file structure36.cif (mmCIF, C-alpha atoms)
data_structure
#
loop_
_atom_site.label_atom_id
_atom_site.label_comp_id
_atom_site.auth_asym_id
_atom_site.auth_seq_id
_atom_site.Cartn_x
_atom_site.Cartn_y
_atom_site.Cartn_z
CA MET A 1 -11.18 -22.94 -26.49
CA ALA A 2 -14.32 -21.80 -24.71
CA ALA A 3 -12.71 -22.60 -21.37
CA MET A 4 -9.91 -20.12 -22.11
CA THR A 5 -12.32 -17.22 -22.48
CA LEU A 6 -14.44 -18.37 -19.57
CA LEU A 7 -11.54 -18.56 -17.12
CA PRO A 8 -10.87 -14.78 -16.82
CA LEU A 9 -14.60 -14.17 -16.39
CA LEU A 10 -14.72 -16.77 -13.62
CA PHE A 11 -11.68 -15.19 -11.93
CA ASP A 12 -13.12 -11.68 -12.16
CA THR A 13 -16.47 -12.82 -10.78
CA LEU A 14 -14.73 -14.54 -7.88
CA LEU A 15 -12.63 -11.41 -7.28
CA GLY A 16 -15.67 -9.13 -7.29
CA LEU A 17 -17.63 -11.35 -4.93
CA SER A 18 -14.64 -11.68 -2.58
CA LEU A 19 -14.33 -7.88 -2.49
CA ILE A 20 -17.95 -7.42 -1.50
CA TRP A 21 -17.73 -10.22 1.07
CA LEU A 22 -14.52 -8.84 2.61
CA ALA A 23 -15.96 -5.31 2.73
CA TRP A 24 -19.11 -6.60 4.44
CA ARG A 25 -17.12 -8.66 6.95
CA ALA A 26 -14.77 -5.77 7.70
CA LEU A 27 -17.73 -3.44 8.35
CA THR A 28 -19.77 -5.84 10.45
CA SER A 29 -16.95 -7.42 12.45
CA THR A 30 -17.24 -6.62 16.15
CA ASP A 31 -13.57 -7.43 16.76
CA LEU A 32 -11.61 -4.35 15.66
CA PHE A 33 -8.38 -6.27 15.05
CA GLN A 34 -10.21 -8.70 12.79
CA ALA A 35 -11.85 -5.79 10.98
CA ILE A 36 -8.45 -4.23 10.27
CA VAL A 37 -6.98 -7.48 8.96
CA LEU A 38 -10.03 -7.90 6.72
CA PHE A 39 -9.58 -4.31 5.53
CA ILE A 40 -5.95 -5.04 4.59
CA ALA A 41 -7.02 -8.18 2.72
CA PHE A 42 -9.68 -6.06 0.99
CA GLY A 43 -6.99 -3.57 -0.06
CA LEU A 44 -4.80 -6.29 -1.55
CA LEU A 45 -7.67 -7.78 -3.54
CA MET A 46 -8.63 -4.24 -4.60
CA ALA A 47 -5.09 -3.81 -5.96
CA LEU A 48 -5.52 -7.06 -7.88
CA THR A 49 -8.80 -5.70 -9.24
CA TRP A 50 -7.05 -2.56 -10.52
CA VAL A 51 -4.52 -4.80 -12.26
CA ARG A 52 -7.40 -6.64 -13.94
CA LEU A 53 -8.76 -3.24 -15.03
CA ASP A 54 -5.39 -2.42 -16.67
CA ALA A 55 -4.60 0.33 -14.17
CA PRO A 56 -1.21 -0.68 -12.71
CA ASP A 57 -0.55 2.85 -11.38
CA VAL A 58 -3.66 2.77 -9.23
CA ALA A 59 -2.96 -0.85 -8.26
CA MET A 60 0.45 0.09 -6.89
CA ALA A 61 -0.93 3.05 -4.97
CA GLU A 62 -3.76 0.91 -3.57
CA ALA A 63 -1.43 -1.88 -2.45
CA ALA A 64 1.12 0.48 -0.91
CA ILE A 65 -1.15 3.14 0.63
CA GLY A 66 -4.60 1.54 0.79
CA ALA A 67 -3.54 -1.84 2.15
CA GLY A 68 -0.04 -1.29 3.52
CA LEU A 69 0.27 2.09 5.16
CA THR A 70 -3.40 2.58 6.05
CA GLY A 71 -3.31 -0.90 7.57
CA ALA A 72 -0.24 0.02 9.63
CA LEU A 73 -1.89 3.29 10.71
CA LEU A 74 -5.07 1.48 11.75
CA LEU A 75 -3.13 -1.16 13.72
CA ALA A 76 -1.10 1.54 15.47
CA THR A 77 -4.33 3.38 16.32
CA LEU A 78 -5.84 0.18 17.68
CA ALA A 79 -2.81 -0.46 19.88
CA ARG A 80 -3.14 3.07 21.27
CA LEU A 81 -6.88 2.75 21.80
CA LYS A 82 -6.34 -0.44 23.77
CA ALA A 83 -3.59 1.17 25.85
CA ASN A 84 -5.62 4.27 26.70
CA ASN A 85 -9.13 3.12 27.46
CA LYS A 86 -10.59 -0.28 27.79
CA THR A 87 -14.21 0.68 27.32
CA LYS A 88 -16.06 -1.53 24.95
CA SER A 89 -18.41 0.39 22.78
CA ALA A 90 -20.95 -1.49 20.77
CA PRO A 91 -22.38 0.73 18.04
CA GLU A 92 -25.61 2.28 19.24
CA LYS A 93 -28.79 1.21 17.52
CA LYS A 94 -30.02 4.72 16.89
CA PHE A 95 -26.71 5.68 15.39
CA SER A 96 -26.58 2.74 12.99
CA LEU A 97 -30.16 3.45 11.92
CA LEU A 98 -29.23 7.06 11.13
CA LEU A 99 -26.17 5.84 9.25
CA THR A 100 -28.29 3.46 7.19
CA LEU A 101 -30.68 6.30 6.34
CA ILE A 102 -27.77 8.40 5.09
CA ILE A 103 -25.93 5.66 3.24
CA LEU A 104 -28.94 4.11 1.50
CA PRO A 105 -29.77 7.11 -0.74
CA VAL A 106 -26.06 7.55 -1.54
CA VAL A 107 -25.74 3.92 -2.62
CA THR A 108 -28.97 4.12 -4.62
CA GLY A 109 -27.72 7.25 -6.35
CA LEU A 110 -24.36 5.67 -7.13
CA VAL A 111 -25.97 2.53 -8.54
CA TYR A 112 -28.25 4.69 -10.67
CA VAL A 113 -25.33 6.77 -11.97
CA VAL A 114 -23.25 3.70 -12.81
CA LEU A 115 -26.14 1.98 -14.56
CA THR A 116 -26.94 5.05 -16.66
CA LEU A 117 -23.32 5.57 -17.75
CA PRO A 118 -22.93 5.38 -21.53
CA GLN A 119 -21.36 2.13 -22.70
CA ASN A 120 -17.82 1.93 -24.11
CA THR A 121 -16.95 5.62 -24.28
CA PRO A 122 -13.27 6.41 -24.76
CA GLY A 123 -13.58 9.30 -22.30
CA LEU A 124 -10.69 11.73 -22.49
CA ALA A 125 -8.13 9.05 -23.29
CA ILE A 126 -7.88 10.05 -26.96
CA LEU A 127 -7.42 13.71 -26.10
CA VAL A 128 -4.68 12.84 -23.60
CA ALA A 129 -2.90 10.61 -26.11
CA GLU A 130 -3.03 13.30 -28.81
CA ASN A 131 -1.47 15.96 -26.61
CA LEU A 132 0.99 13.72 -24.76
CA LYS A 133 3.95 15.34 -26.57
CA THR A 134 3.38 18.68 -24.84
CA THR A 135 3.39 17.22 -21.32
CA GLY A 136 7.07 16.33 -21.02
CA VAL A 137 6.38 12.71 -20.04
CA THR A 138 5.24 9.60 -21.92
CA ASN A 139 3.24 7.93 -19.14
CA PRO A 140 -0.33 9.24 -19.66
CA VAL A 141 -1.19 8.80 -15.97
CA THR A 142 1.72 11.00 -14.90
CA ALA A 143 0.78 13.47 -17.63
CA VAL A 144 -2.74 13.78 -16.21
CA LEU A 145 -1.64 13.91 -12.56
CA LEU A 146 1.23 16.35 -12.87
CA ASN A 147 0.36 18.41 -15.94
CA TYR A 148 -3.28 18.45 -17.07
CA ARG A 149 -4.76 18.18 -13.59
CA GLY A 150 -1.81 19.49 -11.61
CA TYR A 151 -3.99 21.27 -9.07
CA ASP A 152 -5.68 18.01 -8.07
CA THR A 153 -2.33 16.54 -7.14
CA LEU A 154 -1.24 19.76 -5.46
CA LEU A 155 -4.38 19.70 -3.32
CA GLU A 156 -3.80 16.02 -2.50
CA LEU A 157 -0.37 16.91 -1.16
CA ALA A 158 -1.94 19.72 0.85
CA VAL A 159 -4.55 17.32 2.25
CA LEU A 160 -1.78 14.98 3.47
CA LEU A 161 -0.10 17.92 5.16
CA VAL A 162 -3.34 19.02 6.83
CA ALA A 163 -3.90 15.46 8.06
CA LEU A 164 -0.49 15.50 9.66
CA LEU A 165 -1.24 18.88 11.28
CA GLY A 166 -4.38 17.29 12.70
CA VAL A 167 -2.31 14.49 14.24
CA TRP A 168 0.24 16.96 15.58
CA SER A 169 -2.47 19.03 17.22
CA PHE A 170 -3.02 16.13 19.62
CA GLY A 171 0.39 16.81 21.12
CA GLY A 172 3.71 15.05 21.30
CA VAL A 173 4.74 11.55 20.41
CA PRO A 174 3.07 9.04 22.72
CA LYS A 175 5.41 7.05 24.88
CA PRO A 176 6.76 4.25 22.71
CA HIS A 177 6.03 0.80 24.07
CA GLU A 178 8.89 -1.67 23.92
CA ALA A 179 10.08 -2.04 20.37
CA TYR A 180 10.46 -5.52 18.96
CA SER A 181 14.10 -5.24 18.15
CA GLY A 182 16.43 -8.19 17.93
CA PRO A 183 19.03 -9.62 15.59
CA VAL A 184 16.52 -10.85 13.04
CA LEU A 185 14.60 -7.58 12.73
CA ASN A 186 17.84 -5.60 12.66
CA MET A 187 19.23 -7.68 9.84
CA LEU A 188 15.97 -7.44 7.93
CA LEU A 189 16.06 -3.67 8.27
CA ARG A 190 19.67 -3.46 7.19
CA LEU A 191 18.79 -5.33 4.01
CA LEU A 192 15.41 -3.73 3.36
CA ILE A 193 15.89 -0.03 4.10
CA PRO A 194 18.53 0.62 1.40
CA LEU A 195 16.50 -1.50 -1.01
CA LEU A 196 13.29 0.44 -0.25
CA ILE A 197 15.08 3.76 -0.80
CA MET A 198 16.41 2.46 -4.11
CA VAL A 199 12.97 1.22 -5.17
CA ALA A 200 11.49 4.61 -4.28
CA GLY A 201 14.07 6.32 -6.48
CA TYR A 202 13.36 3.88 -9.29
CA LEU A 203 9.58 4.38 -9.08
CA LEU A 204 10.05 8.15 -9.11
CA TRP A 205 12.28 8.03 -12.17
CA VAL A 206 10.27 5.44 -14.09
CA GLY A 207 7.02 7.34 -13.48
CA ALA A 208 7.80 9.58 -16.47
CA ASN A 209 7.25 6.78 -18.97
CA ALA A 210 5.84 3.74 -17.12
CA PRO A 211 3.60 3.03 -14.12
CA GLY A 212 5.08 4.67 -11.06
CA GLY A 213 5.40 8.20 -9.75
CA ALA A 214 5.54 10.34 -6.65
CA PHE A 215 2.74 8.73 -4.64
CA GLN A 216 3.98 5.19 -5.23
CA ALA A 217 7.59 6.15 -4.56
CA GLY A 218 6.58 8.20 -1.52
CA SER A 219 4.61 5.35 -0.01
CA VAL A 220 7.58 3.01 -0.40
CA LEU A 221 9.69 5.60 1.38
CA GLY A 222 6.99 5.91 4.03
CA ALA A 223 7.01 2.13 4.50
CA ALA A 224 10.76 2.29 5.14
CA GLY A 225 10.09 4.96 7.77
CA VAL A 226 7.36 2.87 9.42
CA LEU A 227 9.72 -0.14 9.58
CA LEU A 228 12.40 2.00 11.22
CA LEU A 229 9.93 3.39 13.74
CA LEU A 230 8.65 -0.11 14.55
CA ALA A 231 12.19 -1.24 15.26
CA GLY A 232 12.54 1.53 17.83
CA TRP A 233 14.47 4.02 15.71
CA GLN A 234 14.05 7.59 16.87
CA LEU A 235 14.38 10.85 15.03
CA SER A 236 17.28 12.87 16.37
CA THR A 237 16.03 16.03 18.05
CA ARG A 238 18.37 18.01 15.83
CA PHE A 239 16.20 17.09 12.84
CA ALA A 240 12.84 17.03 14.60
CA GLU A 241 12.11 20.73 14.30
CA LEU A 242 13.01 22.88 11.29
CA PRO A 243 14.66 20.29 8.98
CA LEU A 244 11.68 17.95 9.31
CA ARG A 245 9.20 20.73 8.61
CA ILE A 246 11.10 21.91 5.56
CA ILE A 247 10.96 18.40 4.09
CA LEU A 248 7.27 18.04 4.98
CA VAL A 249 6.27 21.18 3.09
CA SER A 250 8.80 20.87 0.26
CA GLY A 251 6.36 19.02 -2.01
CA VAL A 252 3.62 21.65 -1.79
CA VAL A 253 6.13 24.51 -1.94
CA MET A 254 7.96 23.12 -4.98
CA PHE A 255 4.67 22.42 -6.75
CA THR A 256 3.32 25.91 -6.07
CA MET A 257 6.56 27.58 -7.09
CA ALA A 258 6.71 25.62 -10.33
CA GLY A 259 3.12 26.68 -10.94
CA ILE A 260 3.82 30.37 -10.31
CA VAL A 261 7.14 30.71 -12.19
CA PHE A 262 5.58 30.84 -15.64
CA ILE A 263 2.76 33.20 -14.73
CA VAL A 264 5.20 36.07 -15.41
CA SER A 265 5.50 34.89 -19.01
CA GLY A 266 1.74 35.05 -19.39
CA ARG A 267 0.77 31.47 -18.67
CA GLN A 268 -1.86 30.05 -16.34
CA PHE A 269 -1.12 28.80 -12.84
CA LEU A 270 0.44 25.31 -13.10
CA GLU A 271 0.89 25.57 -16.86
CA TYR A 272 4.40 24.71 -18.00
CA PRO A 273 5.90 25.32 -21.43
CA PRO A 274 6.40 21.95 -23.18
CA SER A 275 10.19 22.32 -23.34
CA PHE A 276 10.49 22.64 -19.57
CA ALA A 277 7.62 20.36 -18.59
CA GLY A 278 9.66 17.14 -18.25
CA ALA A 279 12.29 18.68 -15.99
CA PHE A 280 9.69 20.51 -13.89
CA ILE A 281 7.61 17.39 -13.39
CA LEU A 282 10.69 15.45 -12.24
CA LEU A 283 11.60 18.28 -9.86
CA ILE A 284 8.08 18.46 -8.41
CA GLU A 285 7.82 14.69 -8.11
CA ALA A 286 11.20 14.41 -6.39
CA ALA A 287 10.16 16.93 -3.74
CA ALA A 288 6.70 15.38 -3.50
CA THR A 289 8.14 11.87 -3.04
CA LEU A 290 10.23 13.04 -0.12
CA SER A 291 7.31 14.96 1.40
CA ILE A 292 4.85 12.10 1.00
CA GLY A 293 7.26 9.52 2.41
CA ILE A 294 8.16 11.58 5.46
CA THR A 295 4.54 12.68 5.99
CA LEU A 296 3.30 9.08 5.98
CA ALA A 297 6.02 8.02 8.42
CA ALA A 298 5.23 11.04 10.61
CA LEU A 299 1.52 10.13 10.57
CA PHE A 300 2.52 6.68 11.83
CA LEU A 301 4.55 8.28 14.60
CA GLY A 302 1.25 9.66 15.86
CA GLY A 303 2.34 12.95 17.35
CA ARG A 304 4.59 15.94 17.05
CA PRO A 305 8.22 14.85 17.26
CA GLY A 306 10.43 16.71 19.68
CA LEU A 307 7.51 17.14 22.05
CA ARG A 308 7.18 14.37 24.59
CA ARG A 309 3.58 13.77 25.70
CA HIS A 310 3.09 13.64 29.46
CA LYS A 311 0.64 11.15 30.77
CA MET B 1 2.67 -27.47 -27.27
CA LEU B 2 6.23 -26.44 -26.60
CA ILE B 3 8.25 -28.24 -23.97
CA SER B 4 8.71 -24.99 -22.01
CA GLU B 5 4.95 -24.51 -21.88
CA ILE B 6 4.41 -28.02 -20.54
CA LEU B 7 7.16 -27.44 -17.99
CA THR B 8 5.59 -24.12 -16.96
CA SER B 9 2.19 -25.74 -16.51
CA LEU B 10 3.68 -28.51 -14.38
CA LEU B 11 5.61 -26.02 -12.23
CA LEU B 12 2.56 -23.78 -11.77
CA ALA B 13 0.42 -26.76 -10.81
CA ALA B 14 3.07 -27.96 -8.34
CA GLY B 15 3.28 -24.42 -6.90
CA ALA B 16 -0.50 -24.28 -6.54
CA PHE B 17 -0.40 -27.61 -4.70
CA PHE B 18 2.08 -26.24 -2.16
CA PHE B 19 -0.04 -23.10 -1.67
CA PHE B 20 -3.05 -25.34 -1.15
CA ALA B 21 -1.16 -27.43 1.39
CA GLY B 22 -0.03 -24.28 3.21
CA THR B 23 -3.59 -22.96 3.34
CA VAL B 24 -4.95 -26.27 4.63
CA GLY B 25 -2.24 -26.20 7.28
CA LEU B 26 -3.16 -22.63 8.25
CA LEU B 27 -6.78 -23.62 8.68
CA ARG B 28 -6.33 -27.02 10.30
CA PHE B 29 -3.21 -26.87 12.48
CA PRO B 30 -3.78 -26.47 16.22
CA ASP B 31 -1.68 -23.48 17.33
CA VAL B 32 0.14 -20.37 16.11
CA TYR B 33 3.56 -22.05 15.83
CA THR B 34 2.45 -24.97 13.69
CA ARG B 35 0.35 -22.65 11.53
CA LEU B 36 3.32 -20.38 10.93
CA HIS B 37 5.36 -23.42 10.00
CA ALA B 38 2.78 -24.59 7.47
CA LEU B 39 2.17 -21.17 5.99
CA THR B 40 5.70 -19.85 5.55
CA LYS B 41 7.40 -23.06 4.47
CA ALA B 42 4.76 -24.31 2.06
CA ASP B 43 4.06 -20.89 0.55
CA ASN B 44 7.73 -20.11 0.02
CA VAL B 45 8.21 -23.34 -1.91
CA GLY B 46 4.94 -22.77 -3.76
CA LEU B 47 5.95 -19.25 -4.77
CA GLY B 48 9.41 -20.49 -5.79
CA LEU B 49 7.88 -23.09 -8.11
CA MET B 50 5.51 -20.52 -9.60
CA ILE B 51 8.33 -18.01 -10.12
CA LEU B 52 10.39 -20.72 -11.83
CA GLY B 53 7.44 -21.58 -14.06
CA LEU B 54 6.83 -17.93 -14.96
CA ALA B 55 10.54 -17.23 -15.49
CA LEU B 56 10.53 -19.87 -18.24
CA GLN B 57 8.02 -17.70 -20.11
CA ALA B 58 9.81 -14.38 -19.46
CA ASP B 59 10.72 -12.31 -22.52
CA SER B 60 14.15 -11.34 -21.28
CA TRP B 61 16.75 -12.24 -18.69
CA ALA B 62 15.96 -8.95 -16.95
CA ALA B 63 12.32 -9.96 -16.50
CA ALA B 64 13.35 -13.38 -15.19
CA GLY B 65 15.78 -11.66 -12.82
CA LYS B 66 12.99 -9.42 -11.48
CA LEU B 67 10.84 -12.49 -10.84
CA LEU B 68 13.71 -14.14 -8.97
CA LEU B 69 14.19 -10.95 -6.95
CA ILE B 70 10.52 -11.03 -5.92
CA TRP B 71 10.97 -14.57 -4.62
CA LEU B 72 14.11 -13.67 -2.66
CA LEU B 73 12.35 -10.66 -1.12
CA VAL B 74 9.35 -12.75 -0.10
CA LEU B 75 11.69 -15.39 1.37
CA LEU B 76 13.47 -12.74 3.39
CA ALA B 77 10.27 -11.08 4.56
CA SER B 78 8.30 -14.22 5.39
CA ALA B 79 11.17 -15.91 7.22
CA SER B 80 11.77 -12.79 9.32
CA VAL B 81 8.09 -12.13 9.95
CA ALA B 82 7.51 -15.77 10.93
CA HIS B 83 10.31 -15.42 13.47
CA LEU B 84 8.89 -12.13 14.80
CA ILE B 85 5.35 -13.50 15.17
CA ALA B 86 6.62 -16.66 16.87
CA LYS B 87 8.80 -14.59 19.20
CA ALA B 88 5.91 -12.28 20.08
CA ALA B 89 3.67 -15.29 20.74
CA HIS B 90 6.36 -16.90 22.89
CA GLN B 91 6.85 -13.70 24.91
CA LYS B 92 3.10 -13.50 25.42
CA GLY B 93 3.33 -16.93 27.05
CA ILE B 94 1.55 -19.01 24.44
CA GLU B 95 2.68 -22.59 24.99
CA PRO B 96 3.44 -24.73 21.93
CA TRP B 97 0.76 -27.30 21.25
CA GLN B 98 1.48 -30.80 22.50
CA ARG B 99 -0.29 -33.99 21.67
#
call {"tool": "encode", "arguments": {"input": "structure36.cif", "output": "structure tokens"}}
result
Amino acid sequence: MAAMTLLPLLFDTLLGLSLIWLAWRALTSTDLFQAIVLFIAFGLLMALTWVRLDAPDVAMAEAAIGAGLTGALLLATLARLKANNKTKSAPEKKFSLLLTLIILPVVTGLVYVVLTLPQNTPGLAILVAENLKTTGVTNPVTAVLLNYRGYDTLLELAVLLVALLGVWSFGGVPKPHEAYSGPVLNMLLRLLIPLLIMVAGYLLWVGANAPGGAFQAGSVLGAAGVLLLLAGWQLSTRFAELPLRIILVSGVVMFTMAGIVFIVSGRQFLEYPPSFAGAFILLIEAAATLSIGITLAALFLGGRPGLRRHK
Amino acid sequence: MLISEILTSLLLAAGAFFFFAGTVGLLRFPDVYTRLHALTKADNVGLGLMILGLALQADSWAAAGKLLLIWLLVLLASASVAHLIAKAAHQKGIEPWQR
């Protein structure tokens, strides 16, 4: 019987060591492509780690955004870097020394904080569980993200939007290199895109009482967009201006409006009455899912649509 | 031990063997085409065996159906991606390995 209790420990140890090793390899690799692949592998193992920590919500977000979409963004960036300038830049010695001097105290501080954490505290979990009835949902993670700490999530949406504005400030969409279309990719897309949209809808709906929610659903939607863009699909210019922008901001706008509506009846910003909370959270998450998905796909596009960049 | 548990163990072990074979192929085979062949074929069978083993332990038909769906999706994705990688390699002018 001892082997049965030892096995999970062995697995977790192996997982932890692999994470550290992959992180180290990704950071020290001189080949950027290799570093990105290692980073994606790191993200997938990180997702597995979250599963081991009983945090399936975070695991899904990590796998979809951390490994999947960030990986795609990094690879797209690398392709563009290679196309634009072929200068090889080894990290300068002075720079890496400075970096070490900055990072070392941070790591020391973090290790100190983690080691001095009190053991086995329930944290706020009990408080969340006691007040779950007033939140309008039964998934505690969604309750925290959309109700208790609504402004955190609102700001996260805003950060995504600002990131996209940063990308857009570089100008129009870079000239697309030949897309890898063909019968196989086309058939794959025809099967996958409707399925991805359905999965996004499912994750959005199920987020109220099980792992899932706007960020997971949005990243699935974003993945569908990335696939379409890779296959050479282009946004019609009719939708590239106002309609696109309306969808991009709809998450933040809906969230803010839902937060303001009840101020007139004497409540705080982002405080919903329990009887409306469920419906409001679904409404916010639906808009947020759409915004997140389109924002992620637009980030992958790498420029402002409707504006062709001249080289 | 129940018969289903023994069957699950056997299927999981067989699946692990195919994954192992695929990984050995990925590491040892000489070029991109043969590696793709080892990886996608062996891993698809390995995953199928594991899914079958896990489906035997599923609480409901719905759970077993979800597991089956995962396998079908991986089959679809890996077969297509293998084709795309091989096509890209071919277009780049990488010659297939010959003895």
call {"tool": "resolve_selection", "arguments": {"input": "structure36.cif", "expression": "the PyMOL selection byres ((chain A) within 12 of (chain B))", "output": "list in words"}}
result
Glu178, Ala179, Tyr180, Ser181, Gly182, Pro183, Val184, Leu185, Asn186, Met187, Leu188, Leu189, Arg190, Leu191, Leu192, Leu195, Leu196 and Ala231 of chain A
call {"tool": "residues_around", "arguments": {"input": "structure36.cif", "residues": "Met46 in chain A", "least_positions_apart": "6", "cutoff": "12 Å", "atoms": "all atoms listed in the file", "output": "PDB file with C-alpha atoms, in the frame of the given file"}}
result
ATOM      1  CA  ASP A  12     -13.120 -11.680 -12.160  1.00  0.00           C
ATOM      2  CA  LEU A  15     -12.630 -11.410  -7.280  1.00  0.00           C
ATOM      3  CA  GLY A  16     -15.670  -9.130  -7.290  1.00  0.00           C
ATOM      4  CA  LEU A  17     -17.630 -11.350  -4.930  1.00  0.00           C
ATOM      5  CA  SER A  18     -14.640 -11.680  -2.580  1.00  0.00           C
ATOM      6  CA  LEU A  19     -14.330  -7.880  -2.490  1.00  0.00           C
ATOM      7  CA  ILE A  20     -17.950  -7.420  -1.500  1.00  0.00           C
ATOM      8  CA  LEU A  22     -14.520  -8.840   2.610  1.00  0.00           C
ATOM      9  CA  ALA A  23     -15.960  -5.310   2.730  1.00  0.00           C
ATOM     10  CA  LEU A  38     -10.030  -7.900   6.720  1.00  0.00           C
ATOM     11  CA  PHE A  39      -9.580  -4.310   5.530  1.00  0.00           C
ATOM     12  CA  ILE A  40      -5.950  -5.040   4.590  1.00  0.00           C
ATOM     13  CA  ARG A  52      -7.400  -6.640 -13.940  1.00  0.00           C
ATOM     14  CA  LEU A  53      -8.760  -3.240 -15.030  1.00  0.00           C
ATOM     15  CA  ALA A  55      -4.600   0.330 -14.170  1.00  0.00           C
ATOM     16  CA  PRO A  56      -1.210  -0.680 -12.710  1.00  0.00           C
ATOM     17  CA  VAL A  58      -3.660   2.770  -9.230  1.00  0.00           C
ATOM     18  CA  ALA A  59      -2.960  -0.850  -8.260  1.00  0.00           C
ATOM     19  CA  MET A  60       0.450   0.090  -6.890  1.00  0.00           C
ATOM     20  CA  ALA A  61      -0.930   3.050  -4.970  1.00  0.00           C
ATOM     21  CA  GLU A  62      -3.760   0.910  -3.570  1.00  0.00           C
ATOM     22  CA  ALA A  63      -1.430  -1.880  -2.450  1.00  0.00           C
ATOM     23  CA  ALA A  64       1.120   0.480  -0.910  1.00  0.00           C
ATOM     24  CA  ILE A  65      -1.150   3.140   0.630  1.00  0.00           C
ATOM     25  CA  GLY A  66      -4.600   1.540   0.790  1.00  0.00           C
ATOM     26  CA  ALA A  67      -3.540  -1.840   2.150  1.00  0.00           C
TER      27      ALA A  67
END
call {"tool": "atom_distance", "arguments": {"input": "structure36.cif", "atom1": "CA of Leu132 in chain A", "atom2": "CA of Gly207 in chain A"}}
result
14.3 Å
call {"tool": "resolve_selection", "arguments": {"input": "structure36.cif", "expression": "the PyMOL selection byres ((chain A and resi 234) around 12)", "output": "list in words"}}
result
Val173, Lys175, Pro176, Ala179, Gly225, Val226, Leu227, Leu228, Leu229, Leu230, Ala231, Gly232, Trp233, Leu235, Ser236, Thr237, Arg238, Phe239, Ala240, Ala297, Ala298, Leu301, Pro305 and Gly306 of chain A
call {"tool": "atom_distance", "arguments": {"input": "structure36.cif", "atom1": "CA of Ala258 in chain A", "atom2": "CA of Ala208 in chain A"}}
result
17.2 Å
call {"tool": "resolve_selection", "arguments": {"input": "structure36.cif", "expression": "the PyMOL selection byres ((chain B and resi 68) around 12)", "output": "ChimeraX atom specification"}}
result
/B:47-56,58,61-67,69-75
call {"tool": "write_last_selection", "arguments": {"input": "structure36.cif", "atoms": "C-alpha atoms", "output": "JSON list (two decimals), in the frame of the given file"}}
result
[["chain", "number", "residue", "atom", "x", "y", "z"],
["B", 47, "LEU", "CA", 5.95, -19.25, -4.77],
["B", 48, "GLY", "CA", 9.41, -20.49, -5.79],
["B", 49, "LEU", "CA", 7.88, -23.09, -8.11],
["B", 50, "MET", "CA", 5.51, -20.52, -9.60],
["B", 51, "ILE", "CA", 8.33, -18.01, -10.12],
["B", 52, "LEU", "CA", 10.39, -20.72, -11.83],
["B", 53, "GLY", "CA", 7.44, -21.58, -14.06],
["B", 54, "LEU", "CA", 6.83, -17.93, -14.96],
["B", 55, "ALA", "CA", 10.54, -17.23, -15.49],
["B", 56, "LEU", "CA", 10.53, -19.87, -18.24],
["B", 58, "ALA", "CA", 9.81, -14.38, -19.46],
["B", 61, "TRP", "CA", 16.75, -12.24, -18.69],
["B", 62, "ALA", "CA", 15.96, -8.95, -16.95],
["B", 63, "ALA", "CA", 12.32, -9.96, -16.50],
["B", 64, "ALA", "CA", 13.35, -13.38, -15.19],
["B", 65, "GLY", "CA", 15.78, -11.66, -12.82],
["B", 66, "LYS", "CA", 12.99, -9.42, -11.48],
["B", 67, "LEU", "CA", 10.84, -12.49, -10.84],
["B", 69, "LEU", "CA", 14.19, -10.95, -6.95],
["B", 70, "ILE", "CA", 10.52, -11.03, -5.92],
["B", 71, "TRP", "CA", 10.97, -14.57, -4.62],
["B", 72, "LEU", "CA", 14.11, -13.67, -2.66],
["B", 73, "LEU", "CA", 12.35, -10.66, -1.12],
["B", 74, "VAL", "CA", 9.35, -12.75, -0.10],
["B", 75, "LEU", "CA", 11.69, -15.39, 1.37]]
call {"tool": "residues_around", "arguments": {"input": "structure36.cif", "residues": "Ile85 in chain B", "least_positions_apart": "4", "cutoff": "10 Å", "atoms": "all atoms listed in the file", "output": "list in words"}}
result
Val32, Tyr33, Leu36, Ser80, Val81, Ala89, His90 and Gln91 of chain B
call {"tool": "residues_around", "arguments": {"input": "structure36.cif", "residues": "Leu39 in chain B", "least_positions_apart": "6", "cutoff": "7 Å", "atoms": "only C-alpha atoms", "output": "list in words"}}
result
Gly22, Thr23, Gly25 and Leu26 of chain B
call {"tool": "write_last_selection", "arguments": {"input": "structure36.cif", "atoms": "C-alpha atoms", "output": "compact mmCIF listing (two decimals), in the frame of the given file"}}
result
# COMPACT_ATOMS: atom_id res chain seq x y z
CA GLY B 22 -0.03 -24.28 3.21
CA THR B 23 -3.59 -22.96 3.34
CA GLY B 25 -2.24 -26.20 7.28
CA LEU B 26 -3.16 -22.63 8.25
call {"tool": "atom_distance", "arguments": {"input": "structure36.cif", "atom1": "CA of Phe300 in chain A", "atom2": "CA of Leu73 in chain A"}}
result
5.7 Å
call {"tool": "residues_around", "arguments": {"input": "structure36.cif", "residues": "Thr153 in chain A", "least_positions_apart": "4", "cutoff": "10 Å", "atoms": "all atoms listed in the file", "output": "list in words"}}
result
Val144, Leu145, Leu146, Asn147, Arg149, Leu157, Ala158, Val159, Phe215, Val252, Phe255 and Ala288 of chain A
call {"tool": "write_last_selection", "arguments": {"input": "structure36.cif", "atoms": "C-alpha atoms", "output": "CSV table (one decimal), in the frame of the given file"}}
result
chain,number,residue,atom,x,y,z
A,144,VAL,CA,-2.7,13.8,-16.2
A,145,LEU,CA,-1.6,13.9,-12.6
A,146,LEU,CA,1.2,16.4,-12.9
A,147,ASN,CA,0.4,18.4,-15.9
A,149,ARG,CA,-4.8,18.2,-13.6
A,157,LEU,CA,-0.4,16.9,-1.2
A,158,ALA,CA,-1.9,19.7,0.8
A,159,VAL,CA,-4.6,17.3,2.2
A,215,PHE,CA,2.7,8.7,-4.6
A,252,VAL,CA,3.6,21.6,-1.8
A,255,PHE,CA,4.7,22.4,-6.8
A,288,ALA,CA,6.7,15.4,-3.5
